[in-house]
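upload.cif (mmCIF, C-alpha atoms) appears below.
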data_work
#
loop_
_atom_site.group_PDB
_atom_site.id
_atom_site.type_symbol
_atom_site.label_atom_id
_atom_site.label_comp_id
_atom_site.auth_asym_id
_atom_site.auth_seq_id
_atom_site.Cartn_x
_atom_site.Cartn_y
_atom_site.Cartn_z
ATOM 1 C CA MET A 1 134.436 69.355 133.188
ATOM 2 C CA ALA A 2 134.956 66.161 135.146
ATOM 3 C CA HIS A 3 133.438 62.946 133.878
ATOM 4 C CA ILE A 4 131.606 62.417 137.188
ATOM 5 C CA ASN A 5 130.141 64.841 139.711
ATOM 6 C CA LEU A 6 133.279 65.763 141.662
ATOM 7 C CA PRO A 7 133.208 68.491 144.327
ATOM 8 C CA GLU A 8 133.508 71.902 142.682
ATOM 9 C CA GLY A 9 136.737 73.858 143.154
ATOM 10 C CA PHE A 10 139.059 70.974 144.042
ATOM 11 C CA PRO A 11 141.603 70.588 141.241
ATOM 12 C CA GLY A 12 143.317 67.428 140.055
ATOM 13 C CA ILE A 13 143.640 64.573 142.483
ATOM 14 C CA SER A 14 142.122 66.732 145.236
ATOM 15 C CA GLY A 15 138.678 66.391 143.641
ATOM 16 C CA GLY A 16 138.866 62.608 143.643
ATOM 17 C CA PHE A 17 140.181 62.605 147.205
ATOM 18 C CA VAL A 18 137.329 64.786 148.473
ATOM 19 C CA PHE A 19 134.825 62.675 146.510
ATOM 20 C CA ARG A 20 136.074 59.383 148.007
ATOM 21 C CA PRO A 21 138.059 59.998 151.210
ATOM 22 C CA GLU A 22 138.253 56.304 152.088
ATOM 23 C CA THR A 23 140.422 55.663 149.010
ATOM 24 C CA ALA A 24 142.284 58.954 149.463
ATOM 25 C CA LYS A 25 143.703 57.867 152.828
ATOM 26 C CA PRO A 26 145.819 54.921 151.606
ATOM 27 C CA MET A 27 146.834 56.819 148.459
ATOM 28 C CA ARG A 28 148.051 59.749 150.585
ATOM 29 C CA GLU A 29 149.899 57.392 152.916
ATOM 30 C CA LEU A 30 151.659 55.698 150.001
ATOM 31 C CA ALA A 31 152.730 59.057 148.569
ATOM 32 C CA HIS A 32 153.925 60.170 152.008
ATOM 33 C CA VAL A 33 156.087 57.074 152.513
ATOM 34 C CA LEU A 34 157.514 57.200 148.992
ATOM 35 C CA LEU A 35 158.172 60.922 148.729
ATOM 36 C CA HIS A 36 158.423 62.441 152.182
ATOM 37 C CA GLN A 37 159.707 59.978 154.764
ATOM 38 C CA PRO A 38 163.484 59.670 155.278
ATOM 39 C CA ASN A 39 165.249 57.685 152.584
ATOM 40 C CA SER A 40 168.748 57.524 151.103
ATOM 41 C CA LEU A 41 167.347 59.360 148.067
ATOM 42 C CA THR A 42 166.488 62.924 148.973
ATOM 43 C CA SER A 43 162.881 64.076 148.866
ATOM 44 C CA GLY A 44 163.910 66.339 145.986
ATOM 45 C CA GLU A 45 165.258 63.381 144.007
ATOM 46 C CA ARG A 46 162.118 61.339 144.655
ATOM 47 C CA GLU A 47 159.901 64.285 143.664
ATOM 48 C CA LEU A 48 161.951 64.565 140.451
ATOM 49 C CA ILE A 49 161.166 60.916 139.680
ATOM 50 C CA ALA A 50 157.447 61.565 140.275
ATOM 51 C CA THR A 51 157.585 64.715 138.142
ATOM 52 C CA TYR A 52 159.436 62.986 135.325
ATOM 53 C CA VAL A 53 156.930 60.121 135.153
ATOM 54 C CA SER A 54 154.006 62.556 135.341
ATOM 55 C CA SER A 55 155.468 64.653 132.523
ATOM 56 C CA ARG A 56 155.899 61.534 130.362
ATOM 57 C CA ASN A 57 152.245 60.713 131.084
ATOM 58 C CA ASP A 58 151.342 64.313 130.172
ATOM 59 C CA CYS A 59 149.470 64.837 133.452
ATOM 60 C CA HIS A 60 149.605 68.600 133.924
ATOM 61 C CA PHE A 61 148.329 68.590 137.512
ATOM 62 C CA CYS A 62 150.799 65.999 138.827
ATOM 63 C CA GLN A 63 153.863 67.244 136.957
ATOM 64 C CA SER A 64 153.117 70.810 138.083
ATOM 65 C CA SER A 65 152.428 70.064 141.756
ATOM 66 C CA HIS A 66 155.274 67.570 142.186
ATOM 67 C CA GLY A 67 157.577 69.722 140.091
ATOM 68 C CA ALA A 68 156.845 72.581 142.482
ATOM 69 C CA ALA A 69 157.581 70.295 145.456
ATOM 70 C CA ALA A 70 160.862 69.208 143.837
ATOM 71 C CA ALA A 71 161.780 72.857 143.227
ATOM 72 C CA CYS A 72 161.125 73.643 146.903
ATOM 73 C CA HIS A 73 163.381 70.803 148.007
ATOM 74 C CA LEU A 74 166.115 71.586 145.487
ATOM 75 C CA GLY A 75 165.841 75.363 145.568
ATOM 76 C CA ASP A 76 165.937 75.397 141.763
ATOM 77 C CA ALA A 77 162.992 75.100 139.360
ATOM 78 C CA THR A 78 165.292 75.014 136.312
ATOM 79 C CA VAL A 79 166.569 71.568 137.313
ATOM 80 C CA VAL A 80 162.968 70.330 137.350
ATOM 81 C CA GLU A 81 162.379 71.581 133.813
ATOM 82 C CA GLN A 82 165.675 70.095 132.629
ATOM 83 C CA VAL A 83 164.769 66.684 134.064
ATOM 84 C CA LYS A 84 161.405 66.814 132.292
ATOM 85 C CA THR A 85 162.914 67.713 128.917
ATOM 86 C CA ASP A 86 166.277 65.882 128.922
ATOM 87 C CA PHE A 87 167.290 64.301 132.210
ATOM 88 C CA MET A 88 170.579 63.045 130.756
ATOM 89 C CA ALA A 89 171.716 66.677 130.319
ATOM 90 C CA ALA A 90 170.280 67.831 133.666
ATOM 91 C CA PRO A 91 172.613 68.705 136.553
ATOM 92 C CA VAL A 92 171.699 65.636 138.624
ATOM 93 C CA SER A 93 173.866 62.719 139.721
ATOM 94 C CA ASP A 94 174.649 59.850 137.387
ATOM 95 C CA LYS A 95 172.922 57.561 139.889
ATOM 96 C CA LEU A 96 169.709 59.592 139.615
ATOM 97 C CA LYS A 97 169.992 59.527 135.815
ATOM 98 C CA ALA A 98 170.182 55.716 135.935
ATOM 99 C CA LEU A 99 167.146 55.640 138.222
ATOM 100 C CA LEU A 100 165.231 58.028 135.942
ATOM 101 C CA LYS A 101 166.002 55.682 133.056
ATOM 102 C CA ILE A 102 164.408 52.853 135.049
ATOM 103 C CA ALA A 103 161.441 55.071 135.964
ATOM 104 C CA GLY A 104 160.906 55.950 132.300
ATOM 105 C CA LYS A 105 160.835 52.288 131.378
ATOM 106 C CA VAL A 106 158.346 51.509 134.167
ATOM 107 C CA GLN A 107 156.179 54.375 132.862
ATOM 108 C CA GLN A 108 156.043 52.663 129.461
ATOM 109 C CA ASP A 109 155.836 49.042 130.634
ATOM 110 C CA GLY A 110 157.496 47.552 133.682
ATOM 111 C CA LYS A 111 158.694 44.606 131.616
ATOM 112 C CA LEU A 112 161.037 46.953 129.759
ATOM 113 C CA VAL A 113 163.283 47.254 132.826
ATOM 114 C CA THR A 114 166.247 44.939 132.297
ATOM 115 C CA ALA A 115 168.840 43.395 134.565
ATOM 116 C CA GLY A 116 171.301 45.639 132.707
ATOM 117 C CA ASP A 117 169.364 48.754 133.767
ATOM 118 C CA VAL A 118 169.441 47.617 137.383
ATOM 119 C CA ASP A 119 173.130 46.671 137.207
ATOM 120 C CA ALA A 120 173.975 50.063 135.709
ATOM 121 C CA ALA A 121 172.150 51.826 138.558
ATOM 122 C CA ARG A 122 173.910 49.639 141.132
ATOM 123 C CA LYS A 123 177.323 50.422 139.599
ATOM 124 C CA LEU A 124 176.533 54.100 140.114
ATOM 125 C CA GLY A 125 175.726 53.505 143.786
ATOM 126 C CA ALA A 126 171.987 52.790 143.766
ATOM 127 C CA THR A 127 170.887 50.501 146.576
ATOM 128 C CA ASP A 128 168.182 47.867 146.325
ATOM 129 C CA ILE A 129 165.780 50.085 148.289
ATOM 130 C CA GLU A 130 166.459 53.023 145.937
ATOM 131 C CA ILE A 131 165.784 50.805 142.922
ATOM 132 C CA HIS A 132 162.669 49.406 144.606
ATOM 133 C CA ASP A 133 161.373 52.853 145.506
ATOM 134 C CA THR A 134 162.102 54.224 142.031
ATOM 135 C CA VAL A 135 160.030 51.446 140.465
ATOM 136 C CA LEU A 136 157.231 51.936 142.992
ATOM 137 C CA ILE A 137 157.212 55.737 142.594
ATOM 138 C CA ALA A 138 157.004 55.329 138.815
ATOM 139 C CA ALA A 139 154.237 52.721 139.058
ATOM 140 C CA ALA A 140 152.295 54.700 141.671
ATOM 141 C CA PHE A 141 152.503 57.884 139.634
ATOM 142 C CA CYS A 142 151.211 56.097 136.568
ATOM 143 C CA MET A 143 148.196 55.201 138.731
ATOM 144 C CA PHE A 144 147.879 58.735 140.188
ATOM 145 C CA ASN A 145 148.219 60.311 136.713
ATOM 146 C CA ARG A 146 145.593 58.008 135.219
ATOM 147 C CA TYR A 147 143.283 58.670 138.189
ATOM 148 C CA VAL A 148 143.526 62.440 137.631
ATOM 149 C CA ASP A 149 143.176 62.251 133.845
ATOM 150 C CA GLY A 150 140.712 59.357 133.727
ATOM 151 C CA LEU A 151 138.213 61.326 135.806
ATOM 152 C CA GLY A 152 138.717 64.386 133.607
ATOM 153 C CA THR A 153 139.554 66.503 136.664
ATOM 154 C CA TRP A 154 139.936 70.257 136.583
ATOM 155 C CA GLN A 155 143.631 71.109 136.105
ATOM 156 C CA PRO A 156 144.255 74.843 136.537
ATOM 157 C CA ARG A 157 147.199 76.508 134.831
ATOM 158 C CA ASP A 158 147.971 79.001 137.632
ATOM 159 C CA PRO A 159 151.671 78.550 138.571
ATOM 160 C CA ALA A 160 151.084 80.304 141.926
ATOM 161 C CA MET A 161 148.589 77.619 142.983
ATOM 162 C CA TYR A 162 151.096 74.879 142.157
ATOM 163 C CA ALA A 163 153.882 76.748 143.972
ATOM 164 C CA GLN A 164 151.695 76.902 147.093
ATOM 165 C CA MET A 165 150.837 73.205 146.800
ATOM 166 C CA GLY A 166 154.489 72.310 146.227
ATOM 167 C CA LYS A 167 155.534 74.240 149.332
ATOM 168 C CA HIS A 168 152.945 72.375 151.421
ATOM 169 C CA LEU A 169 153.981 68.995 150.007
ATOM 170 C CA ALA A 170 157.684 69.710 150.562
ATOM 171 C CA GLU A 171 157.208 70.944 154.117
ATOM 172 C CA GLU A 172 154.271 68.909 155.400
ATOM 173 C CA GLY A 173 154.145 65.834 153.211
ATOM 174 C CA TYR A 174 151.081 64.028 151.967
ATOM 175 C CA LYS A 175 149.011 62.971 154.963
ATOM 176 C CA GLU A 176 146.926 66.153 154.979
ATOM 177 C CA PRO A 177 145.424 67.883 151.945
ATOM 178 C CA SER A 178 147.356 70.766 150.435
ATOM 179 C CA ILE A 179 144.006 72.137 149.252
ATOM 180 C CA ARG A 180 141.568 72.248 152.149
ATOM 181 C CA GLN A 181 138.836 74.388 150.663
ATOM 182 C CA PRO A 182 137.590 74.984 147.151
ATOM 183 C CA VAL A 183 139.724 77.076 144.861
ATOM 184 C CA GLU A 184 137.992 79.568 142.605
ATOM 185 C CA ALA A 185 137.189 77.401 139.619
ATOM 186 C CA VAL A 186 138.264 78.971 136.372
ATOM 187 C CA HIS A 187 138.001 75.755 134.409
ATOM 188 C CA SER A 188 140.678 74.838 131.962
ATOM 189 C CA SER A 189 141.982 71.428 131.042
#
Please rewrite the model in this file as structure tokens.
Amino acid sequence: MAHINLPEGFPGISGGFVFRPETAKPMRELAHVLLHQPNSLTSGERELIATYVSSRNDCHFCQSSHGAAAACHLGDATVVEQVKTDFMAAPVSDKLKALLKIAGKVQQDGKLVTAGDVDAARKLGATDIEIHDTVLIAAAFCMFNRYVDGLGTWQPRDPAMYAQMGKHLAEEGYKEPSIRQPVEAVHSS
């Protein structure tokens, strides 16, 4: 049960967004720019960064929905699981591994990112915008994860719901809700 009176049947961040649409708008726009708009990192790579940070923060809703979006972009859910458990062994580029290392440090404390981490990413081909966006995705997802968990939102376990959300996010982006009407609420946290 949520810590405040959120609209019934809207899981995860959706409940907070329906509760306070005026804060939802800029949060959606930020997610859209970071994860969906054209960038030298693919949308799948950026969704993997969001998923990785969310998994490290143990936010079930965010790691499941963004993991599903990453799987849609990549065409392979096993890569998503590998990144969550051991990104260094995952079949992703060395550049993405260096960026995930930076994202993991931002998730812990942004001050942990060193010039050496940035230099290593650059040597593997990361551009300044890719490094910037990696840091911002990691920081933003720490905020999104804490928003979802801090309100005690309903986080269903139904993989089909997350697959549907992931498909919407991958195809349509973040400007419009992926959940437009209440979902049958079988509460589990």
From the list A:Leu48, A:Cys62, A:Ser14, A:Leu41, the nearest residue to Met143 of chain A using only C-alpha atoms is A:Cys62
**Message:** Can you tell me which residues surround segment 125-139 of chain A at a distance of at most 10 Å, considering all atoms listed in the file, apart from same-chain residues fewer than 2 positions away, and format the answer as a PyMOL selection string?
**Reply:** chain A and resi 30-31+33-35+39-41+45-47+49-54+94-96+98-110+113+118-123+141-145
Report task. Go through the shown structure with the PyMOL selection byres ((chain A and resi 70-76) around 7) and write out the matching residues as a PyMOL selection string. Result -> chain A and resi 43-44+47-48+66-69+77-80+166-167+170
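A search radius of 12 Å centred on (147.4, 69.0, 155.7), applied to all atoms listed in the file, returns the residues Ser14, Arg28, His32, Met165, Lys167, His168, Leu169, Ala170, Glu171, Glu172, Gly173, Tyr174, Lys175, Glu176, Pro177, Ser178, Ile179, Arg180 and Gln181 of chain A.
Applied to the shown file, the PyMOL selection byres ((chain A and resi 2-11) around 6) selects the residues Met1, Gly12, Ser14, Gly15, Phe19, Leu151, Gly152, Thr153, Trp154, Gln155, Pro182, Val183, Glu184 and Ala185 of chain A.
You will find atom CA of Lys97 of chain A at 12.8 Å from atom CA of Thr85 of chain A.
Counting from atom CA of Tyr162 of chain A, the distance to atom CA of Ser65 of chain A is 5.0 Å.
Here atom CA of Tyr147 of chain A is placed at a distance of 14.7 Å from atom CA of Lys25 of chain A.
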If you count all atoms listed in the file, the residue of A:Lys84, A:Pro21, A:Lys111, A:Pro156 closest to Asp58 of chain A turns out to be A:Lys84
*asked:* With only C-alpha atoms as the counted atoms, please give the residues lying no more than 9 Å from Pro159 of chain A, apart from itself and same-chain residues fewer than 4 positions off, as a PyMOL selection string.
replied: chain A and resi 64+68+163-164
